[in-house]
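Q: I am sharing start_18.cif, which consists of mmCIF, C-alpha atoms:
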data_final
#
loop_
_atom_site.label_atom_id
_atom_site.label_comp_id
_atom_site.auth_asym_id
_atom_site.auth_seq_id
_atom_site.Cartn_x
_atom_site.Cartn_y
_atom_site.Cartn_z
CA MET A 1 0.00 0.00 0.00
CA ILE A 2 1.31 3.45 -0.94
CA ILE A 3 0.81 6.12 1.77
CA GLU A 4 1.26 9.83 1.08
CA VAL A 5 3.08 11.98 3.65
CA LYS A 6 1.88 15.58 3.36
CA ILE A 7 3.31 18.91 4.52
CA PRO A 8 1.84 19.52 8.00
CA SER A 9 0.01 22.66 9.06
CA ALA A 10 2.02 25.20 11.07
CA GLY A 11 -0.83 27.52 12.01
CA GLU A 12 -3.81 29.20 10.39
CA SER A 13 -1.79 32.01 8.80
CA VAL A 14 0.89 29.74 7.33
CA THR A 15 0.22 28.57 3.75
CA GLU A 16 3.73 28.12 2.31
CA ALA A 17 6.74 26.14 3.43
CA ALA A 18 10.00 24.68 2.16
CA ILE A 19 11.76 21.35 2.59
CA GLY A 20 14.78 22.31 4.68
CA ASN A 21 16.61 18.99 4.74
CA TRP A 22 15.88 15.31 4.17
CA LEU A 23 17.13 13.19 7.07
CA VAL A 24 16.89 9.93 5.07
CA GLU A 25 17.77 8.92 1.52
CA ASP A 26 15.34 8.27 -1.32
CA GLY A 27 14.54 4.57 -1.45
CA SER A 28 15.61 3.85 2.11
CA PHE A 29 13.54 1.98 4.68
CA VAL A 30 11.95 4.15 7.41
CA GLU A 31 10.25 3.20 10.64
CA LYS A 32 6.89 4.47 11.82
CA ASP A 33 7.13 7.79 13.77
CA GLN A 34 10.69 8.34 12.50
CA GLU A 35 11.70 11.92 11.69
CA ILE A 36 12.41 11.93 7.97
CA ALA A 37 12.73 15.63 7.05
CA GLU A 38 12.67 19.23 8.31
CA VAL A 39 9.94 21.54 7.02
CA GLU A 40 10.70 25.26 7.25
CA THR A 41 7.91 27.84 7.52
CA ASP A 42 8.04 31.57 8.15
CA LYS A 43 7.39 30.93 11.83
CA ALA A 44 9.23 27.74 12.79
CA THR A 45 10.92 24.56 11.61
CA LEU A 46 8.75 21.46 11.97
CA PRO A 47 9.75 17.78 11.77
CA LEU A 48 8.16 15.60 9.08
CA ILE A 49 7.19 12.26 10.60
CA ALA A 50 6.80 8.91 8.85
CA SER A 51 3.20 7.74 9.41
CA GLU A 52 4.06 4.10 8.67
CA SER A 53 7.07 1.85 8.12
CA GLY A 54 8.19 1.11 4.59
CA ILE A 55 10.22 2.24 1.58
CA LEU A 56 10.35 6.02 1.19
CA ARG A 57 10.15 7.82 -2.15
CA ILE A 58 10.90 11.55 -2.11
CA ARG A 59 8.51 13.77 -4.10
CA ALA A 60 9.66 17.24 -2.96
CA GLN A 61 13.40 17.89 -3.05
CA ALA A 62 15.31 19.85 -0.37
CA GLY A 63 14.94 23.59 -0.84
CA MET A 64 11.73 23.25 -2.88
CA LYS A 65 8.84 25.57 -2.04
CA VAL A 66 5.65 23.70 -1.19
CA GLN A 67 2.13 24.44 0.02
CA ILE A 68 0.59 23.15 3.22
CA GLY A 69 -1.01 19.81 2.34
CA ASP A 70 1.29 19.04 -0.61
CA VAL A 71 2.73 15.52 -0.82
CA ALA A 72 6.32 15.53 0.40
CA CYS A 73 6.96 11.80 -0.08
CA THR A 74 5.31 8.42 -0.27
CA ILE A 75 5.86 5.28 1.79
CA ASP A 76 5.38 1.78 0.38
CA THR A 77 4.17 -0.20 3.40
CA ASP A 78 4.21 -3.51 1.50
CA ALA A 79 7.98 -3.36 1.10
CA THR A 80 10.07 -5.06 3.76
CA GLN A 81 13.22 -3.79 5.36
CA ALA A 82 15.18 -6.63 3.80
CA ALA A 83 14.23 -5.40 0.32
CA SER A 84 16.08 -2.17 0.97
CA SER A 85 18.90 -3.53 3.11
CA LYS A 86 21.55 -2.45 0.65
CA LYS A 87 20.35 1.14 0.49
CA ALA A 88 19.76 1.29 4.23
CA ALA A 89 23.24 -0.05 4.91
CA SER A 90 24.68 2.44 2.46
CA ALA A 91 22.88 5.33 4.16
CA LYS A 92 24.06 4.16 7.56
CA LYS A 93 27.61 3.84 6.31
CA GLU A 94 27.56 7.42 5.01
CA LYS A 95 26.65 8.72 8.47
CA SER A 96 29.11 6.53 10.39
CA THR A 97 32.77 7.06 11.05
CA PRO A 98 34.97 5.08 8.64
CA VAL A 99 36.50 1.97 10.20
CA PRO A 100 39.71 0.59 8.70
CA SER A 101 40.46 -3.13 8.39
CA ALA A 102 41.76 -4.96 11.43
CA ALA A 103 45.29 -5.17 10.01
CA ALA A 104 45.34 -1.51 9.03
CA ALA A 105 43.98 -0.48 12.46
CA THR A 106 47.07 -1.93 14.17
CA SER A 107 49.44 0.40 12.35
CA GLU A 108 50.78 3.45 14.13
CA GLU A 109 50.62 5.64 11.03
CA HIS A 110 47.83 6.07 8.47
CA VAL A 111 48.53 5.56 4.79
CA GLN A 112 49.36 8.98 3.42
CA GLN A 113 47.38 10.45 0.57
CA PRO A 114 49.04 10.62 -2.83
CA PRO A 115 51.25 13.63 -3.46
CA ALA A 116 49.82 16.51 -5.51
CA GLU A 117 51.75 15.58 -8.63
CA GLN A 118 50.65 11.92 -8.72
CA PRO A 119 47.07 10.60 -9.27
CA LEU A 120 45.63 7.86 -7.08
CA SER A 121 45.39 4.70 -9.21
CA VAL A 122 45.92 0.99 -8.87
CA THR A 123 46.64 -1.07 -12.01
CA LYS A 124 46.35 -4.84 -11.99
CA ALA A 125 49.16 -6.87 -13.58
CA PRO A 126 49.08 -10.39 -15.09
CA PRO A 127 48.77 -13.15 -12.45
CA ALA A 128 52.47 -14.06 -12.60
CA GLU A 129 53.63 -10.53 -11.88
CA GLN A 130 50.62 -9.18 -9.97
CA SER A 131 51.90 -9.76 -6.43
CA LYS A 132 55.29 -8.16 -7.10
CA GLN A 133 53.80 -5.19 -8.93
CA LYS A 134 51.38 -4.49 -6.12
CA LYS A 135 54.19 -4.35 -3.62
CA ASP A 136 56.32 -2.14 -5.88
CA ASP A 137 53.41 0.02 -7.12
CA GLY A 138 54.74 3.56 -7.29
CA SER A 139 51.43 5.29 -7.97
CA VAL A 140 50.79 5.68 -4.21
CA LYS A 141 53.46 7.02 -1.90
CA VAL A 142 53.98 4.77 1.12
CA THR A 143 56.11 5.79 4.10
CA PRO A 144 58.89 3.43 5.28
CA LEU A 145 57.06 2.66 8.54
CA ALA A 146 53.82 1.87 6.72
CA ARG A 147 55.74 -0.29 4.18
CA THR A 148 57.31 -2.28 7.03
CA ILE A 149 53.95 -2.97 8.64
CA MET A 150 52.41 -3.89 5.28
CA ASP A 151 55.21 -6.35 4.49
CA ARG A 152 54.98 -7.83 7.96
CA ASN A 153 51.26 -8.52 7.46
CA ASP A 154 51.55 -9.49 3.77
CA LEU A 155 49.47 -6.50 2.59
CA ASP A 156 49.78 -4.49 -0.60
CA VAL A 157 48.52 -1.05 -1.62
CA GLU A 158 45.31 -2.40 -3.13
CA ALA A 159 44.45 -4.26 0.09
CA ILE A 160 44.90 -1.09 2.11
CA ILE A 161 42.73 0.94 -0.28
CA LYS A 162 40.00 -1.71 -0.17
CA GLY A 163 40.16 -1.59 3.63
CA LEU A 164 39.09 2.05 3.62
CA THR A 165 35.29 2.20 3.88
CA LYS A 166 34.62 5.78 2.82
CA ILE A 167 36.03 8.55 0.64
CA THR A 168 35.63 11.86 2.45
CA LYS A 169 35.57 15.45 1.28
CA LYS A 170 39.25 15.75 2.19
CA GLU A 171 40.35 13.06 -0.27
CA VAL A 172 38.22 14.47 -3.09
CA GLU A 173 39.60 17.98 -2.57
CA GLN A 174 43.16 16.60 -2.63
CA VAL A 175 42.55 14.97 -6.00
CA LEU A 176 40.95 18.13 -7.37
CA GLN A 177 43.86 20.19 -6.12
CA ALA A 178 46.31 17.73 -7.67
CA ASN A 179 44.60 18.06 -11.05
CA THR A 180 44.64 21.86 -10.77
CA ASP A 181 48.34 21.93 -9.90
CA LYS A 182 49.14 19.87 -13.00
CA LYS A 183 47.64 22.45 -15.37
CA PRO A 184 49.95 25.05 -16.90
CA GLU A 185 49.71 28.45 -15.23
CA SER A 186 48.18 29.89 -18.41
CA GLU A 187 45.23 27.47 -18.10
CA GLN A 188 44.59 28.00 -14.42
CA LYS A 189 41.77 30.42 -13.59
CA PRO A 190 42.43 33.33 -11.25
CA ALA A 191 41.14 32.53 -7.77
CA ASN A 192 39.64 35.97 -7.17
CA LYS A 193 38.21 36.72 -10.60
CA THR A 194 35.08 38.86 -10.32
CA GLY A 195 31.83 36.95 -10.87
CA GLU A 196 33.25 33.50 -10.12
CA ASN A 197 32.84 31.32 -7.03
CA VAL A 198 29.38 32.74 -6.35
CA THR A 199 26.79 30.56 -4.63
CA ARG A 200 23.08 31.29 -5.00
CA THR A 201 20.97 29.87 -2.18
CA PRO A 202 17.21 30.40 -1.75
CA MET A 203 16.29 32.22 1.45
CA SER A 204 14.31 30.11 3.90
CA PRO A 205 10.69 31.09 4.61
CA LEU A 206 11.71 32.00 8.16
CA ARG A 207 14.43 34.41 7.01
CA ARG A 208 12.15 35.94 4.34
CA LYS A 209 9.45 36.55 6.93
CA LEU A 210 12.00 37.98 9.38
CA GLY A 211 13.28 40.36 6.73
CA LYS A 212 9.79 41.65 5.94
CA ARG A 213 9.03 42.18 9.63
CA LEU A 214 12.26 44.09 10.24
CA VAL A 215 11.61 46.41 7.32
CA ALA A 216 8.01 46.91 8.44
CA VAL A 217 8.92 47.72 12.05
CA LYS A 218 11.50 50.24 10.88
CA ASN A 219 8.96 52.00 8.67
CA GLU A 220 5.95 51.80 10.99
CA THR A 221 7.39 52.66 14.42
CA ALA A 222 9.20 55.62 15.98
CA MET A 223 12.26 53.73 17.19
CA LEU A 224 14.69 55.46 19.51
CA THR A 225 17.58 53.99 21.53
CA THR A 226 18.93 55.07 24.92
CA PHE A 227 22.20 53.78 26.41
CA ASN A 228 23.76 53.16 29.81
CA GLU A 229 26.49 51.04 31.35
CA ALA A 230 26.50 48.50 34.15
CA ASP A 231 29.29 47.48 36.50
CA MET A 232 29.19 43.67 36.31
CA SER A 233 31.43 43.10 39.36
CA SER A 234 28.68 41.94 41.75
CA VAL A 235 27.07 39.51 39.29
CA MET A 236 30.43 38.06 38.26
CA GLU A 237 31.49 37.64 41.89
CA LEU A 238 28.21 35.85 42.67
CA ARG A 239 28.69 33.49 39.74
CA LYS A 240 32.30 32.78 40.71
CA LYS A 241 31.46 32.23 44.38
CA TYR A 242 28.39 30.01 43.96
CA GLN A 243 28.81 28.46 40.51
CA SER A 244 29.78 25.00 41.77
CA LYS A 245 27.01 24.87 44.40
CA PHE A 246 24.43 26.12 41.90
CA GLN A 247 25.50 23.55 39.33
CA GLU A 248 25.51 20.78 41.94
CA LYS A 249 21.95 21.60 43.04
CA TYR A 250 20.32 22.42 39.70
CA GLY A 251 22.48 20.44 37.25
CA GLN A 252 23.38 23.42 35.05
CA LYS A 253 25.64 26.44 35.01
CA LEU A 254 24.62 29.88 36.23
CA GLY A 255 24.76 32.29 33.29
CA LEU A 256 24.33 36.03 32.83
CA MET A 257 21.06 35.97 30.89
CA SER A 258 19.03 34.82 33.90
CA PHE A 259 20.15 37.87 35.92
CA PHE A 260 19.09 40.23 33.14
CA THR A 261 15.80 38.39 32.64
CA LEU A 262 14.95 38.74 36.33
CA ALA A 263 16.11 42.37 36.38
CA CYS A 264 13.97 43.20 33.32
CA THR A 265 10.99 41.48 34.93
CA ARG A 266 11.28 43.62 38.06
CA ALA A 267 11.74 46.78 35.98
CA LEU A 268 8.78 45.97 33.69
CA ILE A 269 6.52 45.56 36.72
CA GLN A 270 7.59 49.00 37.91
CA PHE A 271 7.28 50.56 34.43
CA PRO A 272 4.28 48.75 32.86
CA ARG A 273 4.15 50.99 29.77
CA VAL A 274 7.44 49.46 28.59
CA ASN A 275 5.64 46.12 28.78
CA SER A 276 2.78 47.42 26.60
CA PHE A 277 2.07 47.46 22.87
CA ILE A 278 -0.14 49.38 20.44
CA ASP A 279 -3.25 47.80 18.90
CA GLY A 280 -4.89 50.24 16.49
CA ASP A 281 -5.72 53.31 18.56
CA ASP A 282 -5.43 51.47 21.87
CA MET A 283 -2.57 50.72 24.26
CA ILE A 284 -2.63 47.12 25.52
CA THR A 285 -0.90 46.54 28.87
CA PRO A 286 -0.63 42.86 29.89
CA GLY A 287 -0.85 42.02 33.57
CA TYR A 288 2.02 39.55 33.19
CA VAL A 289 5.60 39.53 31.86
CA ASP A 290 6.59 37.13 29.05
CA ILE A 291 10.20 37.69 28.00
CA ALA A 292 11.56 36.55 24.64
CA ILE A 293 15.24 35.59 24.52
CA ALA A 294 16.95 36.02 21.13
CA VAL A 295 18.90 32.90 20.10
CA GLN A 296 21.16 32.73 17.05
CA THR A 297 20.69 29.50 15.09
CA ASP A 298 21.85 28.13 11.74
CA LYS A 299 18.46 29.04 10.28
CA GLY A 300 18.46 32.61 11.60
CA LEU A 301 17.61 34.57 14.74
CA MET A 302 14.81 33.08 16.83
CA ALA A 303 13.24 34.45 20.02
CA PRO A 304 11.55 31.76 22.15
CA VAL A 305 9.40 33.11 24.97
CA ILE A 306 9.72 32.44 28.73
CA ARG A 307 6.19 32.66 30.15
CA ASN A 308 5.25 34.54 33.33
CA THR A 309 8.77 35.33 34.51
CA GLY A 310 7.26 37.33 37.40
CA ALA A 311 6.45 34.04 39.11
CA MET A 312 9.91 32.52 38.57
CA ASP A 313 13.15 32.64 40.52
CA LEU A 314 16.68 32.75 39.11
CA ALA A 315 17.12 28.97 38.92
CA MET A 316 13.76 28.45 37.17
CA ILE A 317 14.59 31.13 34.61
CA GLU A 318 18.05 29.66 33.97
CA LYS A 319 16.58 26.21 33.39
CA GLU A 320 13.93 27.52 30.99
CA ILE A 321 16.52 29.51 29.01
CA THR A 322 18.64 26.39 28.57
CA ILE A 323 15.68 24.27 27.41
CA LEU A 324 14.39 26.83 24.90
CA ALA A 325 17.87 27.67 23.54
CA ASP A 326 18.62 23.98 22.95
CA LYS A 327 15.28 23.50 21.18
CA ALA A 328 15.90 26.57 19.03
CA ARG A 329 19.32 25.36 17.87
CA ALA A 330 17.84 21.91 17.15
CA SER A 331 14.97 23.53 15.15
CA ARG A 332 12.38 21.99 17.46
CA LEU A 333 10.57 25.09 18.74
CA THR A 334 6.79 25.07 18.46
CA ILE A 335 4.69 28.00 17.25
CA ASP A 336 3.42 28.58 20.80
CA GLU A 337 6.97 28.82 22.15
CA MET A 338 7.76 31.64 19.72
CA THR A 339 4.69 33.85 20.08
CA GLY A 340 3.22 36.15 22.70
CA GLY A 341 6.29 37.79 24.26
CA THR A 342 5.86 41.25 25.85
CA PHE A 343 9.57 42.20 25.91
CA THR A 344 12.77 40.90 24.27
CA ILE A 345 16.41 40.58 25.36
CA THR A 346 19.19 40.11 22.81
CA ASN A 347 22.85 39.52 23.64
CA GLY A 348 25.30 40.61 20.95
CA GLY A 349 28.09 40.45 23.50
CA VAL A 350 28.56 36.72 22.93
CA PHE A 351 29.85 37.64 19.45
CA GLY A 352 32.07 40.49 20.73
CA SER A 353 29.73 43.43 20.11
CA MET A 354 30.70 46.54 22.08
CA LEU A 355 27.59 48.59 21.28
CA SER A 356 24.58 48.32 18.98
CA THR A 357 21.01 49.56 18.49
CA PRO A 358 18.70 46.52 18.60
CA ILE A 359 15.55 46.60 16.47
CA LEU A 360 12.09 46.06 17.92
CA ASN A 361 10.40 42.67 17.90
CA PRO A 362 6.81 43.59 16.86
CA PRO A 363 4.30 44.08 18.31
CA GLN A 364 6.46 44.68 21.38
CA SER A 365 7.43 48.26 22.24
CA ALA A 366 10.92 47.73 23.70
CA ILE A 367 13.98 45.50 23.48
CA LEU A 368 17.14 45.37 25.61
CA GLY A 369 20.53 44.86 23.98
CA MET A 370 23.36 43.35 26.02
CA HIS A 371 26.99 43.65 24.90
CA ASN A 372 30.43 42.29 25.74
CA ILE A 373 32.04 42.80 29.14
CA VAL A 374 35.27 44.80 29.03
CA ASP A 375 37.56 45.94 31.84
CA ARG A 376 37.32 49.75 31.92
CA PRO A 377 38.61 52.51 34.24
CA VAL A 378 35.80 53.65 36.54
CA ALA A 379 35.73 56.42 39.16
CA ILE A 380 34.87 54.84 42.55
CA ASN A 381 34.72 57.14 45.60
CA GLY A 382 37.16 59.61 44.09
CA SER A 383 39.67 57.03 42.83
CA VAL A 384 40.07 55.18 39.55
CA GLU A 385 39.47 51.43 39.56
CA ILE A 386 39.32 48.83 36.83
CA ARG A 387 35.87 47.24 36.66
CA PRO A 388 34.15 44.83 34.23
CA VAL A 389 31.64 47.03 32.40
CA MET A 390 28.84 46.18 29.99
CA TYR A 391 27.15 48.73 27.76
CA LEU A 392 23.36 48.41 27.66
CA ALA A 393 21.01 49.64 24.92
CA LEU A 394 17.23 49.99 25.15
CA THR A 395 15.38 50.51 21.88
CA TYR A 396 11.77 51.61 22.35
CA ASP A 397 8.76 52.86 20.39
CA HIS A 398 8.55 56.58 21.11
CA ARG A 399 4.87 56.61 20.14
CA LEU A 400 4.12 54.76 23.38
CA ILE A 401 7.12 55.25 25.66
CA ASP A 402 8.46 58.67 26.63
CA GLY A 403 12.10 59.48 27.21
CA ARG A 404 11.69 59.69 30.98
CA GLU A 405 10.20 56.21 31.19
CA SER A 406 12.77 54.63 28.89
CA VAL A 407 15.72 56.18 30.69
CA SER A 408 14.30 55.38 34.14
CA PHE A 409 13.63 51.80 33.04
CA LEU A 410 17.22 51.31 31.89
CA VAL A 411 18.60 52.94 35.06
CA LYS A 412 16.48 50.51 37.08
CA ILE A 413 18.06 47.56 35.24
CA LYS A 414 21.51 49.05 35.88
CA GLU A 415 20.75 49.29 39.62
CA LEU A 416 19.46 45.72 39.84
CA ILE A 417 22.48 44.31 37.99
CA GLU A 418 24.96 46.27 40.10
CA HIS A 419 23.09 45.27 43.30
CA PRO A 420 21.55 41.84 42.56
CA VAL A 421 20.10 41.50 46.07
CA TYR A 422 17.66 44.30 45.18
CA MET A 423 15.88 41.81 42.91
CA LEU A 424 14.50 40.16 46.05
CA MET A 425 12.98 43.43 47.31
CA ASP A 426 9.96 45.32 46.10
CA ASP A 427 11.77 48.52 47.07
CA ALA A 428 14.99 49.47 45.26
CA ASP A 429 16.86 50.01 48.56
CA PRO A 430 16.72 47.12 51.09
CA GLU A 431 18.13 49.40 53.83
CA LYS A 432 15.21 51.82 53.41
CA ALA A 433 12.81 48.89 53.35
CA LEU A 434 14.31 47.63 56.62
CA LEU A 435 14.01 51.04 58.29
CA GLY A 436 10.58 51.70 56.86
CA ILE A 437 11.54 55.05 55.34
#
Kindly transcribe the structure held in the file into structure tokens.
A:
Amino acid sequence: MIIEVKIPSAGESVTEAAIGNWLVEDGSFVEKDQEIAEVETDKATLPLIASESGILRIRAQAGMKVQIGDVACTIDTDATQAASSKKAASAKKEKSTPVPSAAAATSEEHVQQPPAEQPLSVTKAPPAEQSKQKKDDGSVKVTPLARTIMDRNDLDVEAIIKGLTKITKKEVEQVLQANTDKKPESEQKPANKTGENVTRTPMSPLRRKLGKRLVAVKNETAMLTTFNEADMSSVMELRKKYQSKFQEKYGQKLGLMSFFTLACTRALIQFPRVNSFIDGDDMITPGYVDIAIAVQTDKGLMAPVIRNTGAMDLAMIEKEITILADKARASRLTIDEMTGGTFTITNGGVFGSMLSTPILNPPQSAILGMHNIVDRPVAINGSVEIRPVMYLALTYDHRLIDGRESVSFLVKIKELIEHPVYMLMDDADPEKALLGI
């Protein structure tokens, strides 16, 4: 029986998708519920699941644009796994690490690849002279140590070559380079000639959608950015002092993003307009805080959302960040995990950024940009000290948020990062809270 596997729905507004990558080969045997491909939409990357076991036939190639409901492949459920054993074994071999023969594995030195000026070839001789010619074959360079081991085990060049189970990209490039080096200089093409070595790759639906949203938010909002700096000494000392205990208790490292997520949550509660967004002629102010964390992946920038951070502590936030970041990099985020955020944090500092102006994540009205930590001279009580400093940038929609609110919001984050214990207090100053003043 032939079963059709169709492109799954990714939400009501999604009508187009693309086959990102096939995880199995055409004609191979697949098991029921096995992930066989990645389907990219403008919102997320979804796995394509085999509905039954059988022989798979690909109908939509990788990179091809498809519509929701189109047939991506078919599965022949009448075929047995034995019927495709050769192809399945071949596919498995391609993904596995090459294993040399037992005799070759005992050698202390791998057989070297042929030199650039000599092609890799093995020519069979008549039976009477075949054994001698194999041992004296000069088409492949063999080191003295390798030759000794080969003679000791009665192996020739052809036996060694047959013992190799896979030709990798490295070997192919060596042969190509050898052929290029043999050509006269007049026939060799310039490496940097204009118009050559250009690769054209279709943009994924996710990146196309992201591009349209970024252009739209730039044209439709009144974006403005305010800056400040934060002394990271206290946070870094806390991490250094309690990292091992935190990791022992919670099974994961204590990062910086959780501190900023908690600080932003406290600041958003105090400045609710920064947590708001515009809907037509109305201002919508949620009574909760859902913070999106920007994660760079191979398929582009994604921003999974941590729900209700106001009810979470530092350890809970850190755990959720780790889970969502891992899912984002594995292209396993759901639509629900990527929608509904009220505020976004992006960290360009992990790539070495000193300062930037982050762009809004619509329909949100503000986004915080973190940057790298650099030792800088700072005036402390009339003297100059070297402190680890991070520049902070808050981009906001000036239609909704005034300068006073944006600056005060960023100053609040600065205070909470420089005095992390304040995050436990409703008041900014625990001493005043203690004294009741």
Q: Near range 272-284 of chain A, within 8 Å and counting all atoms listed in the file, which residues show up once chain neighbours fewer than 2 positions away are dropped, as an MDAnalysis selection string?
A: chainID A and resid 268:270 286 289 342:343 363:366 396 400:401 405:406 409
Q: Can those selected residues be exported to a file as a PDB file, in the frame of the given file so that it contains C-alpha atoms?
A:
ATOM      1  CA  LEU A 268       8.780  45.970  33.690  1.00  0.00           C
ATOM      2  CA  ILE A 269       6.520  45.560  36.720  1.00  0.00           C
ATOM      3  CA  GLN A 270       7.590  49.000  37.910  1.00  0.00           C
ATOM      4  CA  PRO A 286      -0.630  42.860  29.890  1.00  0.00           C
ATOM      5  CA  VAL A 289       5.600  39.530  31.860  1.00  0.00           C
ATOM      6  CA  THR A 342       5.860  41.250  25.850  1.00  0.00           C
ATOM      7  CA  PHE A 343       9.570  42.200  25.910  1.00  0.00           C
ATOM      8  CA  PRO A 363       4.300  44.080  18.310  1.00  0.00           C
ATOM      9  CA  GLN A 364       6.460  44.680  21.380  1.00  0.00           C
ATOM     10  CA  SER A 365       7.430  48.260  22.240  1.00  0.00           C
ATOM     11  CA  ALA A 366      10.920  47.730  23.700  1.00  0.00           C
ATOM     12  CA  TYR A 396      11.770  51.610  22.350  1.00  0.00           C
ATOM     13  CA  LEU A 400       4.120  54.760  23.380  1.00  0.00           C
ATOM     14  CA  ILE A 401       7.120  55.250  25.660  1.00  0.00           C
ATOM     15  CA  GLU A 405      10.200  56.210  31.190  1.00  0.00           C
ATOM     16  CA  SER A 406      12.770  54.630  28.890  1.00  0.00           C
ATOM     17  CA  PHE A 409      13.630  51.800  33.040  1.00  0.00           C
TER      18      PHE A 409
END
Q: Which residues would end up in the selection if the PyMOL selection byres ((chain A and resi 304) around 12) were applied here, given that I need the answer as a PDB file with C-alpha atoms, in the frame of the given file?
A:
ATOM      1  CA  LYS A  43       7.390  30.930  11.830  1.00  0.00           C
ATOM      2  CA  ALA A  44       9.230  27.740  12.790  1.00  0.00           C
ATOM      3  CA  ASP A 290       6.590  37.130  29.050  1.00  0.00           C
ATOM      4  CA  ILE A 291      10.200  37.690  28.000  1.00  0.00           C
ATOM      5  CA  ALA A 292      11.560  36.550  24.640  1.00  0.00           C
ATOM      6  CA  ILE A 293      15.240  35.590  24.520  1.00  0.00           C
ATOM      7  CA  ALA A 294      16.950  36.020  21.130  1.00  0.00           C
ATOM      8  CA  VAL A 295      18.900  32.900  20.100  1.00  0.00           C
ATOM      9  CA  GLN A 296      21.160  32.730  17.050  1.00  0.00           C
ATOM     10  CA  THR A 297      20.690  29.500  15.090  1.00  0.00           C
ATOM     11  CA  LEU A 301      17.610  34.570  14.740  1.00  0.00           C
ATOM     12  CA  MET A 302      14.810  33.080  16.830  1.00  0.00           C
ATOM     13  CA  ALA A 303      13.240  34.450  20.020  1.00  0.00           C
ATOM     14  CA  VAL A 305       9.400  33.110  24.970  1.00  0.00           C
ATOM     15  CA  ILE A 306       9.720  32.440  28.730  1.00  0.00           C
ATOM     16  CA  ARG A 307       6.190  32.660  30.150  1.00  0.00           C
ATOM     17  CA  GLU A 320      13.930  27.520  30.990  1.00  0.00           C
ATOM     18  CA  ILE A 321      16.520  29.510  29.010  1.00  0.00           C
ATOM     19  CA  THR A 322      18.640  26.390  28.570  1.00  0.00           C
ATOM     20  CA  ILE A 323      15.680  24.270  27.410  1.00  0.00           C
ATOM     21  CA  LEU A 324      14.390  26.830  24.900  1.00  0.00           C
ATOM     22  CA  ALA A 325      17.870  27.670  23.540  1.00  0.00           C
ATOM     23  CA  ASP A 326      18.620  23.980  22.950  1.00  0.00           C
ATOM     24  CA  LYS A 327      15.280  23.500  21.180  1.00  0.00           C
ATOM     25  CA  ALA A 328      15.900  26.570  19.030  1.00  0.00           C
ATOM     26  CA  ARG A 329      19.320  25.360  17.870  1.00  0.00           C
ATOM     27  CA  SER A 331      14.970  23.530  15.150  1.00  0.00           C
ATOM     28  CA  ARG A 332      12.380  21.990  17.460  1.00  0.00           C
ATOM     29  CA  LEU A 333      10.570  25.090  18.740  1.00  0.00           C
ATOM     30  CA  THR A 334       6.790  25.070  18.460  1.00  0.00           C
ATOM     31  CA  ILE A 335       4.690  28.000  17.250  1.00  0.00           C
ATOM     32  CA  ASP A 336       3.420  28.580  20.800  1.00  0.00           C
ATOM     33  CA  GLU A 337       6.970  28.820  22.150  1.00  0.00           C
ATOM     34  CA  MET A 338       7.760  31.640  19.720  1.00  0.00           C
ATOM     35  CA  THR A 339       4.690  33.850  20.080  1.00  0.00           C
ATOM     36  CA  GLY A 340       3.220  36.150  22.700  1.00  0.00           C
ATOM     37  CA  GLY A 341       6.290  37.790  24.260  1.00  0.00           C
ATOM     38  CA  THR A 342       5.860  41.250  25.850  1.00  0.00           C
ATOM     39  CA  PHE A 343       9.570  42.200  25.910  1.00  0.00           C
ATOM     40  CA  THR A 344      12.770  40.900  24.270  1.00  0.00           C
ATOM     41  CA  ILE A 345      16.410  40.580  25.360  1.00  0.00           C
ATOM     42  CA  THR A 346      19.190  40.110  22.810  1.00  0.00           C
ATOM     43  CA  ASN A 361      10.400  42.670  17.900  1.00  0.00           C
TER      44      ASN A 361
END
Q: Tell me which residues the PyMOL selection byres ((chain A and resi 253-257) around 10) grabs here, as a VMD selection string.
A: chain A and resid 232 235 to 236 238 to 240 242 to 248 250 to 252 258 to 263 293 314 to 315 317 to 319 321 to 322 345 to 347 370 417
Q: Take CA of Asn372 in chain A and CA of Leu394 in chain A and report the distance between them in Å, one decimal.
A: 15.3 Å
Q: CA of Ala230 in chain A and CA of Arg399 in chain A, how far apart in Å?
A: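 Calculated distance between CA of Arg399 in chain A and CA of Ala230 in chain A is 27.0 Å.
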Q: Which one of A:Glu237, A:Asp397, A:Glu40, A:Glu418 sits closest to Arg208 in chain A if you count only C-alpha atoms?
A: A:Glu40
Q: Which value, in Å to one decimal, gives the distance between CA of Asp76 in chain A and CA of Thr15 in chain A?
A: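 Taking CA of Asp76 in chain A and CA of Thr15 in chain A, their separation equals 27.5 Å.
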Q: Around the point (22.4, 49.9, 39.0), in the coordinates given by the file, pick out the residues reaching within 10 Å, counting only C-alpha atoms, and return them as a PyMOL selection string.
A: chain A and resi 228-232+410-420+422+428
Q: Just write the chosen residues, C-alpha atoms, as a short mmCIF file (atom, residue, chain, number, x, y, z; two decimals), in the coordinates of the input.
A:
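Contents of again_11.cif, as written:
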data_model
loop_
_atom_site.label_atom_id
_atom_site.label_comp_id
_atom_site.auth_asym_id
_atom_site.auth_seq_id
_atom_site.Cartn_x
_atom_site.Cartn_y
_atom_site.Cartn_z
CA ASN A 228 23.76 53.16 29.81
CA GLU A 229 26.49 51.04 31.35
CA ALA A 230 26.50 48.50 34.15
CA ASP A 231 29.29 47.48 36.50
CA MET A 232 29.19 43.67 36.31
CA LEU A 410 17.22 51.31 31.89
CA VAL A 411 18.60 52.94 35.06
CA LYS A 412 16.48 50.51 37.08
CA ILE A 413 18.06 47.56 35.24
CA LYS A 414 21.51 49.05 35.88
CA GLU A 415 20.75 49.29 39.62
CA LEU A 416 19.46 45.72 39.84
CA ILE A 417 22.48 44.31 37.99
CA GLU A 418 24.96 46.27 40.10
CA HIS A 419 23.09 45.27 43.30
CA PRO A 420 21.55 41.84 42.56
CA TYR A 422 17.66 44.30 45.18
CA ALA A 428 14.99 49.47 45.26
#
